[in-house]
Each structure stands twice: as C-alpha cells, then as structure tokens.
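Here's query-v8.cif, which has mmCIF, C-alpha atoms:
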```cif
data_work
#
loop_
_atom_site.label_atom_id
_atom_site.label_comp_id
_atom_site.auth_asym_id
_atom_site.auth_seq_id
_atom_site.Cartn_x
_atom_site.Cartn_y
_atom_site.Cartn_z
CA MET A 28 98.87 68.16 59.62
CA ARG A 29 96.10 65.67 59.00
CA THR A 30 95.55 64.26 55.52
CA ASP A 31 92.44 62.74 53.97
CA THR A 32 92.09 60.53 50.92
CA LEU A 33 89.14 60.69 48.54
CA HIS A 34 86.73 62.42 50.92
CA LEU A 35 87.70 65.47 52.91
CA LYS A 36 86.51 64.97 56.49
CA ALA A 37 86.34 67.09 59.60
CA PRO A 38 89.85 67.21 61.13
CA GLY A 39 88.18 66.56 64.46
CA ASN A 40 85.05 68.32 65.71
CA TRP A 41 82.64 69.87 63.16
CA ILE A 42 82.52 70.87 59.49
CA ASN A 43 79.68 71.76 57.15
CA ASP A 44 79.44 73.85 53.94
CA PRO A 45 82.34 73.90 51.47
CA ASN A 46 83.59 77.47 50.96
CA GLY A 47 86.05 79.17 48.64
CA PHE A 48 86.52 76.14 46.37
CA ILE A 49 89.07 77.13 43.71
CA PHE A 50 92.05 75.97 41.65
CA TYR A 51 94.63 78.61 42.46
CA GLN A 52 98.35 78.74 41.69
CA GLY A 53 98.64 75.02 40.99
CA LYS A 54 96.59 73.69 43.90
CA TYR A 55 92.97 73.10 44.72
CA HIS A 56 91.95 75.07 47.79
CA LEU A 57 88.87 74.03 49.69
CA PHE A 58 87.78 76.05 52.68
CA TYR A 59 84.90 74.88 54.82
CA GLN A 60 82.65 75.89 57.69
CA HIS A 61 84.37 74.70 60.85
CA PHE A 62 83.65 74.76 64.58
CA PRO A 63 86.99 73.77 66.12
CA TYR A 64 85.88 73.15 69.70
CA ALA A 65 83.31 70.33 69.54
CA PRO A 66 81.67 68.00 66.98
CA VAL A 67 78.56 70.21 66.86
CA TRP A 68 77.52 73.36 64.98
CA GLY A 69 78.77 76.59 66.57
CA THR A 70 80.62 79.85 65.90
CA MET A 71 81.85 79.46 62.35
CA HIS A 72 85.48 79.63 61.22
CA TRP A 73 86.90 78.76 57.81
CA GLY A 74 88.94 75.58 57.87
CA HIS A 75 91.33 75.08 54.97
CA ALA A 76 92.64 72.15 52.95
CA VAL A 77 94.65 71.86 49.73
CA SER A 78 95.07 69.16 47.11
CA GLU A 79 96.90 68.63 43.84
CA ASP A 80 94.44 66.07 42.47
CA LEU A 81 91.06 66.42 44.28
CA VAL A 82 91.77 63.04 45.90
CA HIS A 83 94.57 63.59 48.43
CA TRP A 84 93.84 66.45 50.82
CA GLU A 85 96.09 68.13 53.36
CA HIS A 86 94.43 70.10 56.16
CA LEU A 87 96.09 73.41 56.99
CA ASP A 88 95.60 75.89 59.81
CA ILE A 89 92.29 77.70 60.23
CA ALA A 90 92.14 80.43 57.57
CA LEU A 91 89.40 82.81 58.73
CA PHE A 92 88.02 83.45 62.20
CA PRO A 93 85.94 86.17 63.89
CA THR A 94 87.81 89.39 64.67
CA LYS A 95 85.48 92.26 63.76
CA TYR A 96 82.33 93.73 65.25
CA TYR A 97 80.35 92.68 62.19
CA ASP A 98 81.68 89.06 62.14
CA ARG A 99 82.11 88.56 65.88
CA ASN A 100 79.72 85.58 65.91
CA GLY A 101 80.84 83.80 62.79
CA VAL A 102 82.64 83.82 59.46
CA PHE A 103 79.95 82.06 57.46
CA SER A 104 79.81 80.59 53.96
CA GLY A 105 81.18 82.23 50.85
CA SER A 106 83.46 81.82 47.85
CA ALA A 107 86.87 82.58 46.35
CA LEU A 108 88.09 84.40 43.26
CA GLU A 109 91.56 84.94 41.79
CA LYS A 110 92.32 88.53 40.82
CA ASP A 111 95.72 89.95 39.85
CA GLY A 112 97.41 86.88 41.32
CA GLU A 113 95.77 87.33 44.72
CA LEU A 114 93.02 85.27 46.34
CA TYR A 115 89.83 87.18 47.14
CA LEU A 116 87.70 85.48 49.79
CA TYR A 117 84.07 86.55 50.23
CA TYR A 118 81.97 85.51 53.22
CA SER A 119 78.85 86.24 55.24
CA ALA A 120 79.59 87.99 58.52
CA VAL A 121 77.24 87.32 61.44
CA ARG A 122 76.66 89.37 64.57
CA TYR A 123 74.26 88.17 67.25
CA LEU A 124 71.76 90.65 68.63
CA GLU A 125 71.05 88.30 71.53
CA SER A 126 72.95 85.12 72.34
CA ASP A 127 71.40 82.01 73.81
CA PRO A 128 72.21 82.33 77.52
CA GLU A 129 72.88 78.59 77.67
CA ASN A 130 75.13 78.53 74.61
CA ILE A 131 77.05 81.63 73.52
CA HIS A 132 77.78 79.94 70.16
CA ALA A 133 74.13 80.24 69.13
CA SER A 134 71.69 83.13 68.97
CA LEU A 135 68.11 83.21 70.09
CA PRO A 136 65.83 82.55 67.09
CA GLU A 137 66.26 85.20 64.38
CA GLN A 138 68.21 87.43 66.80
CA PHE A 139 71.18 88.09 64.55
CA GLU A 140 72.07 90.14 61.51
CA THR A 141 74.16 89.30 58.47
CA SER A 142 76.40 91.40 56.25
CA GLN A 143 78.88 90.49 53.52
CA ALA A 144 82.62 90.88 53.89
CA MET A 145 85.87 89.96 52.16
CA LEU A 146 89.54 89.31 52.83
CA VAL A 147 92.36 89.38 50.28
CA SER A 148 95.25 86.92 50.63
CA ARG A 149 98.44 87.48 48.67
CA ASP A 150 99.11 83.76 48.20
CA GLY A 151 96.23 81.61 49.47
CA PHE A 152 98.18 80.53 52.56
CA HIS A 153 98.42 83.69 54.66
CA PHE A 154 95.28 85.41 55.96
CA ASP A 155 95.43 88.63 57.96
CA ASN A 156 92.20 88.41 59.93
CA TRP A 157 93.07 91.56 61.89
CA ASN A 158 93.82 94.02 59.11
CA ALA A 159 92.74 92.61 55.71
CA LYS A 160 88.99 92.29 56.21
CA LYS A 161 86.52 94.68 54.64
CA GLN A 162 82.74 94.85 55.02
CA ILE A 163 81.50 95.21 51.43
CA ILE A 164 77.70 94.94 51.75
CA PRO A 165 76.26 96.22 55.05
CA VAL A 166 73.22 94.64 56.64
CA LEU A 167 70.33 95.08 54.21
CA ARG A 168 67.67 97.12 55.99
CA ASP A 169 65.38 97.60 52.99
CA GLU A 170 63.18 94.48 52.81
CA ARG A 171 62.44 95.23 49.17
CA ILE A 172 66.07 94.39 48.42
CA GLY A 173 66.97 91.73 50.98
CA ASP A 174 66.50 90.41 54.49
CA PRO A 175 68.72 91.69 57.34
CA VAL A 176 68.87 88.25 58.96
CA ASN A 177 68.75 85.65 56.19
CA THR A 178 70.81 87.10 53.36
CA ARG A 179 73.99 85.09 52.98
CA ASP A 180 76.51 82.90 51.17
CA PRO A 181 78.05 85.15 48.48
CA LYS A 182 79.19 83.31 45.35
CA VAL A 183 81.30 85.65 43.22
CA PHE A 184 82.25 85.11 39.57
CA ALA A 185 83.86 87.21 36.86
CA GLU A 186 82.91 87.56 33.20
CA ASN A 187 84.25 89.97 30.59
CA GLY A 188 86.01 92.12 33.17
CA ASN A 189 82.95 92.52 35.39
CA TYR A 190 82.26 90.89 38.73
CA TYR A 191 78.96 89.40 39.84
CA MET A 192 77.73 88.21 43.22
CA ILE A 193 74.72 85.99 43.84
CA LEU A 194 73.35 85.84 47.38
CA GLY A 195 70.72 83.65 48.97
CA SER A 196 67.89 85.45 50.75
CA THR A 197 64.19 85.47 51.59
CA SER A 198 61.16 87.70 51.25
CA GLY A 199 59.37 87.94 54.55
CA LYS A 200 60.76 84.53 55.53
CA LYS A 201 58.02 83.10 53.30
CA ALA A 202 59.56 82.96 49.81
CA GLY A 203 63.15 82.25 48.91
CA ARG A 204 64.92 84.59 46.51
CA VAL A 205 68.40 85.26 45.19
CA LEU A 206 69.97 88.70 44.97
CA PHE A 207 72.50 89.95 42.42
CA PHE A 208 75.17 92.56 43.05
CA ARG A 209 77.67 93.87 40.52
CA SER A 210 81.19 95.32 40.75
CA GLN A 211 83.92 96.61 38.45
CA ASP A 212 86.80 95.84 40.81
CA GLY A 213 85.59 92.97 43.04
CA LYS A 214 85.63 95.24 46.10
CA ASN A 215 82.91 97.86 45.65
CA TRP A 216 79.45 96.46 45.03
CA GLN A 217 76.07 97.77 43.88
CA TYR A 218 72.70 96.04 44.05
CA ALA A 219 71.49 94.95 40.59
CA SER A 220 68.43 92.67 40.71
CA GLN A 221 66.71 89.70 42.32
CA TYR A 222 64.85 86.55 41.33
CA SER A 223 62.37 84.25 43.02
CA HIS A 224 60.90 80.89 42.03
CA PRO A 225 58.18 78.66 43.53
CA GLY A 226 60.82 75.97 44.15
CA PHE A 227 62.97 78.23 46.32
CA GLY A 228 61.25 77.35 49.58
CA ARG A 229 61.25 79.98 52.32
CA ILE A 230 64.96 80.83 52.20
CA VAL A 231 67.70 80.05 49.67
CA GLU A 232 71.16 79.13 50.92
CA CYS A 233 74.46 78.66 49.07
CA PRO A 234 73.38 79.79 45.57
CA ASP A 235 75.75 79.18 42.65
CA LEU A 236 75.45 80.29 39.04
CA PHE A 237 77.90 79.42 36.26
CA PRO A 238 78.08 79.09 32.46
CA LEU A 239 77.94 75.56 31.09
CA GLY A 240 77.79 74.99 27.35
CA ASP A 241 75.41 77.44 25.69
CA SER A 242 73.54 78.40 28.88
CA TYR A 243 73.97 78.71 32.63
CA VAL A 244 73.27 76.34 35.48
CA PHE A 245 71.85 77.44 38.82
CA ILE A 246 72.44 75.42 41.98
CA GLY A 247 71.01 76.36 45.35
CA SER A 248 69.82 74.94 48.65
CA PRO A 249 66.24 76.01 49.38
CA MET A 250 65.05 75.63 52.95
CA PHE A 251 61.76 74.07 54.12
CA ILE A 252 60.96 72.22 50.90
CA GLY A 253 60.90 68.75 52.47
CA LYS A 254 57.98 67.41 54.45
CA PRO A 255 58.45 67.55 58.24
CA GLY A 256 58.98 64.09 59.65
CA GLU A 257 60.15 62.59 56.34
CA GLY A 258 63.84 63.44 56.57
CA TYR A 259 65.67 66.72 56.11
CA GLU A 260 63.57 69.75 55.18
CA HIS A 261 66.35 71.57 53.29
CA HIS A 262 67.79 70.21 50.02
CA ALA A 263 70.14 71.03 47.14
CA LEU A 264 68.47 71.64 43.76
CA CYS A 265 69.68 72.58 40.30
CA ALA A 266 68.30 73.75 36.96
CA ALA A 267 69.41 75.16 33.63
CA ALA A 268 69.16 78.95 33.65
CA ALA A 269 69.27 81.98 31.41
CA PHE A 270 71.31 84.91 32.73
CA ASP A 271 71.63 88.39 31.24
CA LYS A 272 74.95 89.93 32.32
CA ASP A 273 73.82 93.45 31.47
CA THR A 274 70.72 93.47 33.65
CA CYS A 275 71.65 90.62 36.03
CA SER A 276 68.28 89.02 35.32
CA MET A 277 67.91 85.27 35.67
CA GLU A 278 65.25 82.78 34.62
CA LEU A 279 65.22 79.03 35.19
CA SER A 280 64.68 77.38 31.83
CA ASP A 281 64.16 73.75 32.96
CA GLY A 282 62.45 72.19 35.92
CA LEU A 283 64.36 71.91 39.18
CA GLN A 284 65.98 68.56 39.97
CA TYR A 285 67.73 67.32 43.08
CA VAL A 286 71.50 67.33 42.98
CA ASP A 287 71.51 64.02 44.84
CA TYR A 288 68.59 61.68 45.54
CA GLY A 289 70.02 60.28 48.78
CA MET A 290 68.95 63.63 50.34
CA ASP A 291 71.95 63.81 52.72
CA LEU A 292 73.93 66.10 50.41
CA TYR A 293 73.67 69.85 51.03
CA ALA A 294 75.26 73.24 50.31
CA PRO A 295 77.19 72.33 47.13
CA GLN A 296 79.74 74.68 45.63
CA THR A 297 81.39 74.49 42.21
CA ALA A 298 84.70 75.52 40.65
CA LEU A 299 86.63 74.95 37.45
CA ASP A 300 89.28 72.25 37.69
CA LYS A 301 92.73 72.62 36.12
CA ASP A 302 91.37 71.32 32.79
CA GLY A 303 88.35 73.64 32.71
CA ARG A 304 85.70 71.15 33.84
CA ARG A 305 82.98 72.40 36.17
CA VAL A 306 83.32 70.40 39.41
CA LEU A 307 81.00 70.19 42.41
CA ILE A 308 81.79 69.36 46.03
CA ALA A 309 79.17 69.35 48.79
CA TRP A 310 78.69 68.66 52.47
CA MET A 311 77.34 65.28 53.54
CA ARG A 312 75.19 65.84 56.62
CA MET A 313 75.92 63.49 59.52
CA PRO A 314 73.37 63.23 62.36
CA ARG A 315 75.95 62.04 64.86
CA ALA A 316 79.70 62.22 65.26
CA VAL A 317 82.11 59.41 64.49
CA ASP A 318 83.89 58.57 67.73
CA VAL A 319 86.61 55.93 67.65
CA PRO A 320 89.26 55.22 70.32
CA GLY A 321 92.44 57.21 69.93
CA ALA A 322 91.00 59.89 67.65
CA LYS A 323 89.08 63.13 68.00
CA PRO A 324 85.35 62.77 67.44
CA TRP A 325 84.47 64.25 64.07
CA ASN A 326 81.26 65.23 62.33
CA GLY A 327 80.89 66.13 58.66
CA MET A 328 82.54 65.22 55.39
CA MET A 329 82.50 66.19 51.72
CA CYS A 330 81.22 64.13 48.82
CA LEU A 331 83.39 62.99 45.93
CA PRO A 332 84.22 65.69 43.38
CA ARG A 333 81.63 65.48 40.58
CA VAL A 334 81.89 66.81 37.04
CA ILE A 335 78.74 68.64 35.95
CA GLU A 336 77.45 68.16 32.41
CA ARG A 337 74.19 69.22 30.84
CA LYS A 338 72.11 67.46 28.25
CA PRO A 339 68.73 68.70 27.01
CA GLY A 340 66.34 68.68 29.94
CA HIS A 341 68.75 67.12 32.43
CA ILE A 342 71.92 67.80 34.43
CA TYR A 343 74.43 65.01 35.00
CA PHE A 344 76.89 64.61 37.87
CA ARG A 345 79.69 62.32 36.76
CA VAL A 346 82.62 60.72 38.55
CA HIS A 347 85.65 63.00 38.28
CA PRO A 348 88.53 61.55 36.16
CA GLU A 349 90.96 61.89 39.09
CA VAL A 350 88.72 59.59 41.13
CA GLU A 351 88.59 57.14 38.22
CA HIS A 352 92.38 57.21 38.06
CA TYR A 353 92.77 56.62 41.79
CA PHE A 354 90.92 53.29 41.76
CA SER A 355 93.53 51.36 39.79
CA LYS A 356 93.85 48.08 41.70
CA GLU A 357 91.24 45.42 40.88
CA ILE A 358 90.43 42.83 43.57
CA THR A 359 88.27 39.72 43.80
CA MET A 360 85.06 39.12 45.73
CA GLU A 361 87.09 36.95 48.13
CA GLU A 362 89.43 39.87 48.87
CA TYR A 363 86.59 42.30 49.52
CA PRO A 364 86.00 41.54 53.25
CA SER A 365 89.62 42.19 54.25
CA ALA A 366 89.80 45.34 52.13
CA ALA A 367 86.57 46.62 53.65
CA ALA A 368 87.73 45.77 57.17
CA SER A 369 90.84 47.91 56.62
CA GLY A 370 88.70 50.98 56.02
CA ALA A 371 90.10 51.47 52.54
CA PRO A 372 87.89 53.22 49.97
CA LEU A 373 86.36 50.70 47.55
CA ARG A 374 84.70 50.90 44.16
CA LEU A 375 82.09 48.47 42.81
CA ARG A 376 80.80 48.35 39.26
CA THR A 377 77.70 46.42 38.31
CA THR A 378 74.48 46.35 36.31
CA LEU A 379 71.16 45.79 38.07
CA LEU A 380 67.98 44.69 36.35
CA GLU A 381 64.47 44.09 37.62
CA GLY A 382 64.56 41.81 40.67
CA ASP A 383 68.32 42.09 41.29
CA ASN A 384 69.54 42.71 44.83
CA LEU A 385 72.91 43.95 46.06
CA ASN A 386 73.91 44.00 49.73
CA ILE A 387 77.01 45.98 50.76
CA GLY A 388 77.69 45.33 54.42
CA GLY A 389 73.99 45.76 55.30
CA TYR A 390 73.29 48.56 52.82
CA ARG A 391 70.72 47.29 50.29
CA ILE A 392 70.28 48.25 46.62
CA TRP A 393 67.64 46.67 44.40
CA VAL A 394 65.33 47.22 41.42
CA GLU A 395 61.58 47.02 41.99
CA GLN A 396 58.94 47.75 39.33
CA GLY A 397 61.48 49.64 37.28
CA TYR A 398 62.79 51.86 40.10
CA LEU A 399 66.22 51.60 41.68
CA LYS A 400 65.84 51.73 45.46
CA THR A 401 68.15 51.76 48.47
CA ASP A 402 67.75 51.08 52.18
CA ARG A 403 70.33 51.91 54.86
CA GLY A 404 68.17 50.89 57.82
CA LEU A 405 70.54 48.15 58.96
CA VAL A 406 73.56 50.50 59.00
CA PHE A 407 71.78 53.55 60.39
CA GLN A 408 70.12 52.20 63.52
CA ASN A 409 68.94 54.27 66.49
CA ILE A 410 69.32 57.52 64.55
CA SER A 411 66.33 59.77 64.04
CA GLY A 412 65.84 62.43 61.39
CA PRO A 413 67.24 61.52 57.96
CA ALA A 414 65.27 59.19 55.72
CA LEU A 415 66.43 55.57 55.60
CA THR A 416 65.36 54.80 52.02
CA ALA A 417 65.82 56.45 48.64
CA SER A 418 64.75 55.96 45.04
CA VAL A 419 65.39 57.37 41.59
CA PRO A 420 62.51 59.61 40.47
CA GLU A 421 61.64 57.71 37.30
CA LYS A 422 61.53 54.18 35.91
CA LEU A 423 64.56 53.13 33.90
CA SER A 424 65.03 49.91 31.99
CA ARG A 425 68.63 49.36 33.04
CA TYR A 426 70.88 50.53 35.84
CA GLU A 427 74.63 50.78 35.25
CA LEU A 428 76.04 51.48 38.70
CA ASP A 429 79.38 52.89 39.81
CA ILE A 430 79.44 52.63 43.61
CA PHE A 431 82.01 54.14 45.97
CA VAL A 432 82.15 52.75 49.48
CA GLU A 433 83.96 53.77 52.63
CA PRO A 434 83.05 53.20 56.30
CA ASN A 435 80.76 56.26 56.62
CA LEU A 436 79.63 57.04 53.08
CA ILE A 437 78.21 55.24 50.05
CA GLU A 438 77.83 57.09 46.73
CA ILE A 439 76.00 55.49 43.81
CA PHE A 440 76.45 57.00 40.34
CA ILE A 441 73.64 55.74 38.11
CA ASN A 442 73.95 55.47 34.32
CA GLY A 443 76.98 57.72 34.07
CA GLY A 444 75.73 60.31 36.55
CA GLU A 445 72.17 60.62 35.28
CA TYR A 446 71.24 60.33 38.95
CA VAL A 447 73.29 60.00 42.12
CA ILE A 448 72.25 58.55 45.48
CA SER A 449 74.63 59.24 48.38
CA HIS A 450 74.08 58.08 51.94
CA VAL A 451 75.92 58.55 55.20
CA VAL A 452 76.16 55.22 57.05
CA TYR A 453 77.28 53.96 60.45
CA GLY A 454 78.32 50.43 61.36
CA LEU A 455 78.80 49.23 57.78
CA GLY A 456 79.67 45.54 57.66
CA HIS A 457 82.40 43.91 55.58
CA THR A 458 80.30 41.44 53.60
CA LEU A 459 79.21 41.72 49.98
CA SER A 460 76.56 39.77 48.09
CA GLY A 461 74.79 40.14 44.77
CA PRO A 462 75.84 40.80 41.19
CA VAL A 463 79.16 42.67 40.95
CA SER A 464 81.23 42.81 37.75
CA HIS A 465 84.34 44.64 39.01
CA LEU A 466 85.86 45.60 42.37
CA TYR A 467 88.66 48.10 42.94
CA THR A 468 90.73 49.60 45.72
CA GLY A 469 92.72 52.80 45.60
CA GLN A 470 96.36 53.40 44.72
CA ASP A 471 97.29 53.80 48.39
CA PHE A 472 95.97 50.40 49.48
CA ARG A 473 98.59 47.81 50.35
#
```
Kindly present the structure from the file in structure tokens form.
Amino acid sequence: MRTDTLHLKAPGNWINDPNGFIFYQGKYHLFYQHFPYAPVWGTMHWGHAVSEDLVHWEHLDIALFPTKYYDRNGVFSGSALEKDGELYLYYSAVRYLESDPENIHASLPEQFETSQAMLVSRDGFHFDNWNAKKQIIPVLRDERIGDPVNTRDPKVFAENGNYYMILGSTSGKKAGRVLFFRSQDGKNWQYASQYSHPGFGRIVECPDLFPLGDSYVFIGSPMFIGKPGEGYEHHALCAAAAFDKDTCSMELSDGLQYVDYGMDLYAPQTALDKDGRRVLIAWMRMPRAVDVPGAKPWNGMMCLPRVIERKPGHIYFRVHPEVEHYFSKEITMEEYPSAAASGAPLRLRTTLLEGDNLNIGGYRIWVEQGYLKTDRGLVFQNISGPALTASVPEKLSRYELDIFVEPNLIEIFINGGEYVISHVVYGLGHTLSGPVSHLYTGQDFR
C-alpha cells in the first residue's frame, strides 16, 4: 500500500473532501472523497488512510462505494462516530435523475437528489457495502425543512448521551442554511431546527460544530461568496457560536473569518486527537494533476493537521505538536538546495518586518505597508482560476512565520496561527533567499 508523509495525497487519480476523520482504537482514520479511475472529479467513493501520529499515513483499500439505489451515483461527504466500540460512518447518498450523456459520472445541472445514509463497521477496517448500509434521512421534499438536491455532508457528534447531526443546505438555492437533526441511538433521526446567516452564501457545504472552551465553534464552506473571476467562489469560514442542545438552536457570536487566507483550502473537517485537542484537516484544491514519469497522475491533497484554539474575537489554527516533533533535523542555508531538490518536506522559521522579502524557489513573501503578502505567480504559470496573490486581512507590526514547504504546497503559519496562508504550487525551484533564522528537515530525511 502507498504511504504518505506529512500531507496525505491522492493515491493516484482524484481526492477531495476529508471524511470520517476520527481517532479510533489507537489510530487516526481519515477517509476522503475519491474517484479511483482518473485524476478528475467523478462518482464518489470513500478512500481510506490510517496514521498513528497524523504525520505518517498508510493508504488502505477503498472503504465505501456505491451499491444501493439511493447511492448509486456517489457516496459523498460525511463523518464518523465511535459508539459501543463500533465505527459509525455517515454520508450523503446521491442518485442522478439524469446523467450527462457525455459523462456518466456527472449529472445534468441540478438533476440529482441527495439523501443521508450510514454504515456501521465493527472495527474500522471492514466495510460491508452490500448489507450494512441504511438510509437514515430520505430525500427532503419539504422545502421548508431542506432542499432535495443540495442537502449534504452530515457531521455527527454526541453529547450527554444524545446524538446531533448538522447538515449543509440551501433555501431556494439563494441562501445557505444548516439543518439540525437529533437522535437517541445514532441510527434513527428526527428533524430539530435550522439556521441561516448572511455569510452562508447560496449553499453551505461540509458544516462542522464542536465545543471549544466555554462556547462552540462553527466551521463551514459557503458557496458563491467569492467574486467571479477573482479566484475560487467557494471558501471555508469559521466563527464562535452559541448552541443550545435542548432546542438545537445556533447563533454565531463573532464575525466570520476565513479558515485560511491562501483561499485554496476547502471542506475542512475536525476531530479530537488522542490528547483531546481539536484538530482540523482540509482539502487543498489543485487546478491540475501532478504527472511525473513512473507514477500515476494524482490530483488533491490534505493540509497539515492544525490545532484549533479560540481567543476573544479570534480563532487560531496552530501547528500540531506531532508536526513540530517531526521536523527535528536542523540544516544550513547551504544545504537547503539539495534538500529541496530531494522533495523532502522542509520547515523555515523567520521574522519579517516592513520591507523584508523572502523568496522560496520562486514563491515570494514580503511585508508592504504593514500587510504580509504572498505571490505564487512564478510557480503557478499557465494555470487559470485560483488567485495568484494573498494577504493577511489586517496590518500587523511584526510577522513571526513558521513555513512548511514541499514540492506542491506551501503553508505559512503567522504569529502562532493567528492567520494561515496556504498555497498549492507547481514547478517550485530549489533556491532560497531572504531572512531565515532556522531551517529543518523531517525525521525521515537522510
């Protein structure tokens, strides 16, 4: 089986949203949306990988795939829950009403319907796709409750012996909303409530809600909130929230902020790590596949695991301690080109002030009029769609940077995770110039 270090990548062909992220029976399980036949989006399966440390990942066989009338065109995004020692997997089941005659792996626009389903695995490694599936929420026909097409991505959590599900949806395809369902056994569900917000775009995808400190945090991916022609239109946002478990009512208590200001990150999902920290992993969108001789073309990868913390008025995304531990070998500036040429993951630590410039193989980072800015134009040529530049949203007097570099991804943690800028790159060079205080490679580098 294929293994990945630091970032989980498509094991050939296509991946997108993380699904079913959970620490279960001594291992981290990360499922993901997977099209196993080509490096493009198509009929969704659940790929599966496991790790003991969130750094070294082993890809396993496909876990979930279409077998039922209601999921015949895709096992779409969802979540995982441990109950009575078993692993409960929840997903959105898609059935096309009319397929694209030129591509059976896609429907004609809006010509599909979505329901919610589950599968119980006894151990997290065996999945009976033929007999263990159950449709738990049929297609929602009442528009007052939800949309029959765009209601999806169940995130299930348990508190005080009760089970809650948050779903992304839309009202008339004009206003995003989230739906809440409730259960006493994790299998039989009743509609409870819904919530909408002006920042939810037209449709909400991949909602997540979890307790953190003395409140809750909401994370979701609203669609059509970006300006057409200025990069992606769909983005991941977060905010502190109040949640009443008795009524399933939710209110956002702070303003929405982006999860990542590079704007490539999407569809994040969170879980508790083995030490009880709330950890986020998300899909990094790639506009074209990576195709190197001797390997399957692949498209899609996950970001570094990030610990979520909340301070008054702001949510932080910090480097996970296991990632810190992995980068144990310090190198010199003179050693950097050979380490970069090997494809090894690298870590740079530095402080940038007004007027400072850092160039990492053609990827530029600098401070201008108090704003930290980045430009990937030189390592993202002849690619249309995603934005080439990024910036923090406010002026800061000082920028302590923790930068993680590998051939197709750069992640910049700013001032201990106050902001993060992550960018997919292609054709990254092996040179390095500008102020750098420390350089590291990983434990596996020789």
* To do: Kindly indicate which residue among A:Ile439, A:Ala107, A:Val121, A:Val147 lies nearest to His72 of chain A, using all atoms listed in the file for the distances.
  => A:Val121
* segment 85-92 of chain A surroundings by all atoms listed in the file, 9 Å radius, close-in-sequence under 6 positions cut, as number ranges by chain -> A: 28-32, 35, 38, 58, 61, 63, 71-78, 98-99, 101-102, 146, 152-156
* For the file shown, what are the residues hit by the PyMOL selection byres ((chain A and resi 382) around 8), laid out as an MDAnalysis selection string? -> chainID A and resid 380:381 383:384 393:395
* Asked: Which residue out of A:Tyr343, A:Tyr363, A:Tyr426, A:Phe227 has the minimum interatomic distance to Gly203 of chain A when all atoms listed in the file are used?
  -> A:Phe227
* Any chance you could work out the residue set of the PyMOL selection byres ((chain A and resi 412) around 8) here, as a PyMOL selection string? -> chain A and resi 256-259+314+410-411+413-414
* Determine the nearest neighbour of Leu194 of chain A from the options A:Gly105, A:Val244, A:Ala371, A:Leu124, counting all atoms listed in the file. => A:Gly105
* Asked: Within 10 Å of Phe50 of chain A, counting all atoms listed in the file, which residues qualify if same-chain residues fewer than 3 places away don't, as a ChimeraX atom specification?
  -> /A:47,53-57,77-79,81,107-109,298-301,303
* Give me the result of the PyMOL selection byres ((chain A and resi 249) around 10) on this file, residue by residue, as a PyMOL selection string. => chain A and resi 195-197+202-204+226-234+246-248+250-253+260-264+293-294
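Picture a line from atom CA of Val306 of chain A to atom CA of Glu427 of chain A; it runs 21.9 Å.
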* To do: Using all atoms listed in the file, find the one residue out of A:Gln52, A:Asn177, A:Thr359, A:Asn189 that sits nearest to Gly151 of chain A.
  =>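 For Gly151 of chain A, the nearest of the candidates is A:Gln52.
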Would you fill the gaps in segment 149-167 of chain A so it has N, CA and C atoms, then print it as a short mmCIF file (atom, residue, chain, number, x, y, z; two decimals), in the frame of the given file?
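File produced: result_13.cif:
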```cif
data_model
loop_
_atom_site.label_atom_id
_atom_site.label_comp_id
_atom_site.auth_asym_id
_atom_site.auth_seq_id
_atom_site.Cartn_x
_atom_site.Cartn_y
_atom_site.Cartn_z
N ARG A 149 97.46 87.31 49.75
CA ARG A 149 98.44 87.48 48.67
C ARG A 149 98.82 86.17 48.00
N ASP A 150 98.62 85.03 48.73
CA ASP A 150 99.11 83.76 48.20
C ASP A 150 98.23 82.55 48.48
N GLY A 151 97.11 82.73 49.15
CA GLY A 151 96.23 81.61 49.47
C GLY A 151 96.65 80.82 50.69
N PHE A 152 97.72 81.24 51.37
CA PHE A 152 98.18 80.53 52.56
C PHE A 152 98.30 81.45 53.78
N HIS A 153 98.32 82.74 53.56
CA HIS A 153 98.42 83.69 54.66
C HIS A 153 97.16 84.57 54.66
N PHE A 154 96.56 84.72 55.84
CA PHE A 154 95.28 85.41 55.96
C PHE A 154 95.35 86.36 57.16
N ASP A 155 95.36 87.64 56.90
CA ASP A 155 95.43 88.63 57.96
C ASP A 155 94.02 88.97 58.43
N ASN A 156 93.56 88.22 59.41
CA ASN A 156 92.20 88.41 59.93
C ASN A 156 92.04 89.72 60.70
N TRP A 157 93.13 90.34 61.09
CA TRP A 157 93.07 91.56 61.89
C TRP A 157 92.98 92.81 61.02
N ASN A 158 93.68 92.80 59.89
CA ASN A 158 93.82 94.02 59.11
C ASN A 158 93.28 93.95 57.68
N ALA A 159 93.06 92.74 57.14
CA ALA A 159 92.74 92.61 55.71
C ALA A 159 91.26 92.46 55.42
N LYS A 160 90.42 92.44 56.44
CA LYS A 160 88.99 92.29 56.21
C LYS A 160 88.34 93.62 55.83
N LYS A 161 87.28 93.51 55.03
CA LYS A 161 86.52 94.68 54.64
C LYS A 161 85.05 94.30 54.53
N GLN A 162 84.18 95.07 55.17
CA GLN A 162 82.74 94.85 55.02
C GLN A 162 82.32 95.50 53.71
N ILE A 163 81.78 94.70 52.78
CA ILE A 163 81.50 95.21 51.43
C ILE A 163 80.02 95.44 51.17
N ILE A 164 79.14 94.71 51.85
CA ILE A 164 77.70 94.94 51.75
C ILE A 164 77.15 94.97 53.17
N PRO A 165 76.80 96.15 53.69
CA PRO A 165 76.26 96.22 55.05
C PRO A 165 74.96 95.44 55.17
N VAL A 166 74.50 95.30 56.39
CA VAL A 166 73.22 94.64 56.64
C VAL A 166 72.14 95.32 55.81
N LEU A 167 71.37 94.53 55.08
CA LEU A 167 70.33 95.08 54.21
C LEU A 167 69.09 95.40 55.05
#
```
